[in-house]
Amino acid sequence: MRLLGLDLKPARSGIAMNYDADTGEERLSVTAVGEALTPLHTQIRVLERAILHRVISHRPDVAFIEGTFSRAGGSDYGQHAAHFAVTHVLWARGVPWVDVSPGVLKIWATGSGSLRGDTKVTKGEVIAAVIGRYGPLLSIPAVDDECDAVALMSLGAYVYGHPLLPDVQAPAVRGRAAAALRKTKGVKIPALPGVSDPWTDPWAS
């Protein structure tokens with residue numbers, strides 16, 4: 001099973017994979033792509049091409065993507081543009097994707113999904129948790145884009161019954177995150193031929 005974990009931002013996006021983009025062989029990797037300080041259309045084009053290369057070379061089975069959201073008083077046009085551009089590439093190539101809310105991603109990584117107040121989970125806490133857990137498997141830069149991408153990919157692996165690591169430390173936490181993902185309104189988990197799926201009736205509306 002080939003998985004993509006995508007943390008999408010116009011200027012810099014994290015991409016985690018469990019296969020080699022050039023050979024298709026099984027290999028965990030994480031990288032970032034982006035052209036900061038360039039016009040938004042240039043940033044989106046760079047991102048589209050990077051994803052298209054990974055999709056055309058060796059088609060992934062599914063992508064797990066941090067979903068978009070809007071902040072009060074904030075402009076998230078670029079974020080939505082990046083999400084649409086990438087999901088359009090995936091759609092055009094027949095690759096299903098799963099949108100993961102920021103709260104679910106934080107629960108998966110740290111055990112807490114708090115998004116505000118004194119208990120808000122910080123980027124630094126997510127970075128530390130992801131590197132602490134998955135650092136022994138691959139070299140992860142201490143940057144939120146790459147760490148979020150690794151967390152998304154590892155969540156996908158867990159959902160399909162192929163966790164990157166055995167759950168010996170906090171199985172209840174990761175199970176709670178997966179359950180929250182399943183209950184998220186509008187989220188559908190695609191059934192993949194030949195891949196085990198612990199959830200019944202995937203894609204049910």
# chains A, B, ... in the order shown; residues from 1 in each chain; ligands from 1
>>> residues_around(residues="Ala82 in chain A", least_positions_apart="5", cutoff="12 Å", atoms="only C-alpha atoms", output="PDB file with C-alpha atoms, in the first residue's frame")
ATOM      1  CA  LEU A   6       0.410  16.057   2.830  1.00  0.00           C
ATOM      2  CA  ASP A   7       0.605  19.214   4.919  1.00  0.00           C
ATOM      3  CA  LEU A   8      -0.309  21.826   2.332  1.00  0.00           C
ATOM      4  CA  LYS A   9       0.699  25.466   2.418  1.00  0.00           C
ATOM      5  CA  PRO A  10       1.395  27.637  -0.642  1.00  0.00           C
ATOM      6  CA  ALA A  11       4.906  28.701   0.350  1.00  0.00           C
ATOM      7  CA  ARG A  12       6.071  25.398   1.855  1.00  0.00           C
ATOM      8  CA  SER A  13       4.343  22.014   1.989  1.00  0.00           C
ATOM      9  CA  GLY A  34       7.753  25.358  -2.025  1.00  0.00           C
ATOM     10  CA  LEU A  40       0.856  32.727  -5.208  1.00  0.00           C
ATOM     11  CA  HIS A  41       0.304  31.283  -8.699  1.00  0.00           C
ATOM     12  CA  THR A  42       3.992  30.337  -8.871  1.00  0.00           C
ATOM     13  CA  GLN A  43       3.814  28.698  -5.453  1.00  0.00           C
ATOM     14  CA  ILE A  44       0.756  26.677  -6.451  1.00  0.00           C
ATOM     15  CA  ARG A  45       2.355  25.585  -9.741  1.00  0.00           C
ATOM     16  CA  VAL A  46       5.466  24.327  -7.933  1.00  0.00           C
ATOM     17  CA  LEU A  47       3.298  22.394  -5.477  1.00  0.00           C
ATOM     18  CA  GLU A  48       1.120  20.901  -8.233  1.00  0.00           C
ATOM     19  CA  ARG A  49       4.169  19.700 -10.156  1.00  0.00           C
ATOM     20  CA  ILE A  51       2.543  16.171  -6.287  1.00  0.00           C
ATOM     21  CA  ILE A  65      -4.234  15.656   3.930  1.00  0.00           C
ATOM     22  CA  GLU A  66      -4.634  18.202   6.694  1.00  0.00           C
ATOM     23  CA  GLY A  67      -7.963  19.833   5.919  1.00  0.00           C
ATOM     24  CA  THR A  68      -8.417  23.553   5.398  1.00  0.00           C
ATOM     25  CA  ASP A  76      -6.810  31.754   4.105  1.00  0.00           C
ATOM     26  CA  TYR A  77      -7.217  32.112   0.360  1.00  0.00           C
ATOM     27  CA  THR A  87      -6.875  17.530  -4.578  1.00  0.00           C
ATOM     28  CA  HIS A  88      -7.710  18.330  -8.201  1.00  0.00           C
ATOM     29  CA  VAL A  89      -4.462  16.631  -9.269  1.00  0.00           C
TER      30      VAL A  89
END
>>> residues_around(residues="Arg2 in chain A", least_positions_apart="2", cutoff="9 Å", atoms="only C-alpha atoms", output="PyMOL selection string")
chain A and resi 4+17-19+24+26+58-63
>>> residues_around(residues="Ile127 in chain A", least_positions_apart="6", cutoff="12 Å", atoms="only C-alpha atoms", output="short mmCIF file (atom, residue, chain, number, x, y, z; two decimals) with C-alpha atoms, in the first residue's frame")
data_model
loop_
_atom_site.label_atom_id
_atom_site.label_comp_id
_atom_site.auth_asym_id
_atom_site.auth_seq_id
_atom_site.Cartn_x
_atom_site.Cartn_y
_atom_site.Cartn_z
CA LEU A 105 -4.05 15.52 13.75
CA LYS A 106 -3.04 16.99 17.11
CA ALA A 109 0.44 13.29 17.41
CA THR A 110 0.26 14.42 21.03
CA VAL A 121 -1.25 22.22 21.50
CA ARG A 133 7.95 8.56 18.03
CA TYR A 134 8.97 8.26 14.38
CA GLY A 135 12.50 9.65 14.48
CA ILE A 140 12.60 14.14 10.27
CA PRO A 141 13.54 17.84 10.24
CA ALA A 142 12.32 19.77 13.27
CA VAL A 143 9.88 21.74 11.11
CA ASP A 144 6.11 21.66 11.48
CA ASP A 145 5.42 21.06 7.75
CA GLU A 146 7.41 17.84 7.61
CA CYS A 147 6.30 16.65 11.05
CA ASP A 148 2.64 17.17 10.20
CA ALA A 149 3.13 15.24 6.96
CA VAL A 150 4.71 12.31 8.80
CA ALA A 151 1.86 12.32 11.33
#
>>> closest_residue(among="A:Lys183, A:His83, A:Arg176, A:Arg93", to="Trp108 in chain A", atoms="only C-alpha atoms")
A:Arg176
>>> closest_residue(among="A:Ala180, A:Gly124, A:Val187, A:Val95", to="Leu52 in chain A", atoms="only C-alpha atoms")
A:Val95
>>> atom_distance(atom1="CA of Thr31 in chain A", atom2="CA of Met153 in chain A")
12.6 Å
>>> closest_residue(among="A:Val130, A:Ala81, A:Ala50, A:Val55", to="Gly94 in chain A", atoms="only C-alpha atoms")
A:Val55
>>> atom_distance(atom1="CA of Leu152 in chain A", atom2="CA of Lys185 in chain A")
18.2 Å
>>> closest_residue(among="A:Thr38, A:Pro166, A:Arg54, A:Leu181", to="Pro102 in chain A", atoms="only C-alpha atoms")
A:Leu181
>>> select_by_dssp(residues="chain A", states="alpha helix (DSSP H)", output="ChimeraX atom specification")
/A:40-57,77-92,102-110,123-134,144-159,171-183
>>> select_by_dssp(residues="range 25-185 of chain A", states="strand (DSSP E or B)", output="number ranges by chain")
A: 26-33, 62-66, 97-100
>>> atom_distance(atom1="CA of Arg27 in chain A", atom2="CA of Met1 in chain A")
11.5 Å
>>> closest_residue(among="A:Val30, A:Asp99, A:Leu155, A:Gly78", to="Ala178 in chain A", atoms="only C-alpha atoms")
A:Leu155
>>> closest_residue(among="A:Ala16, A:Val126, A:Ala21, A:Val195", to="His162 in chain A", atoms="only C-alpha atoms")
A:Val195
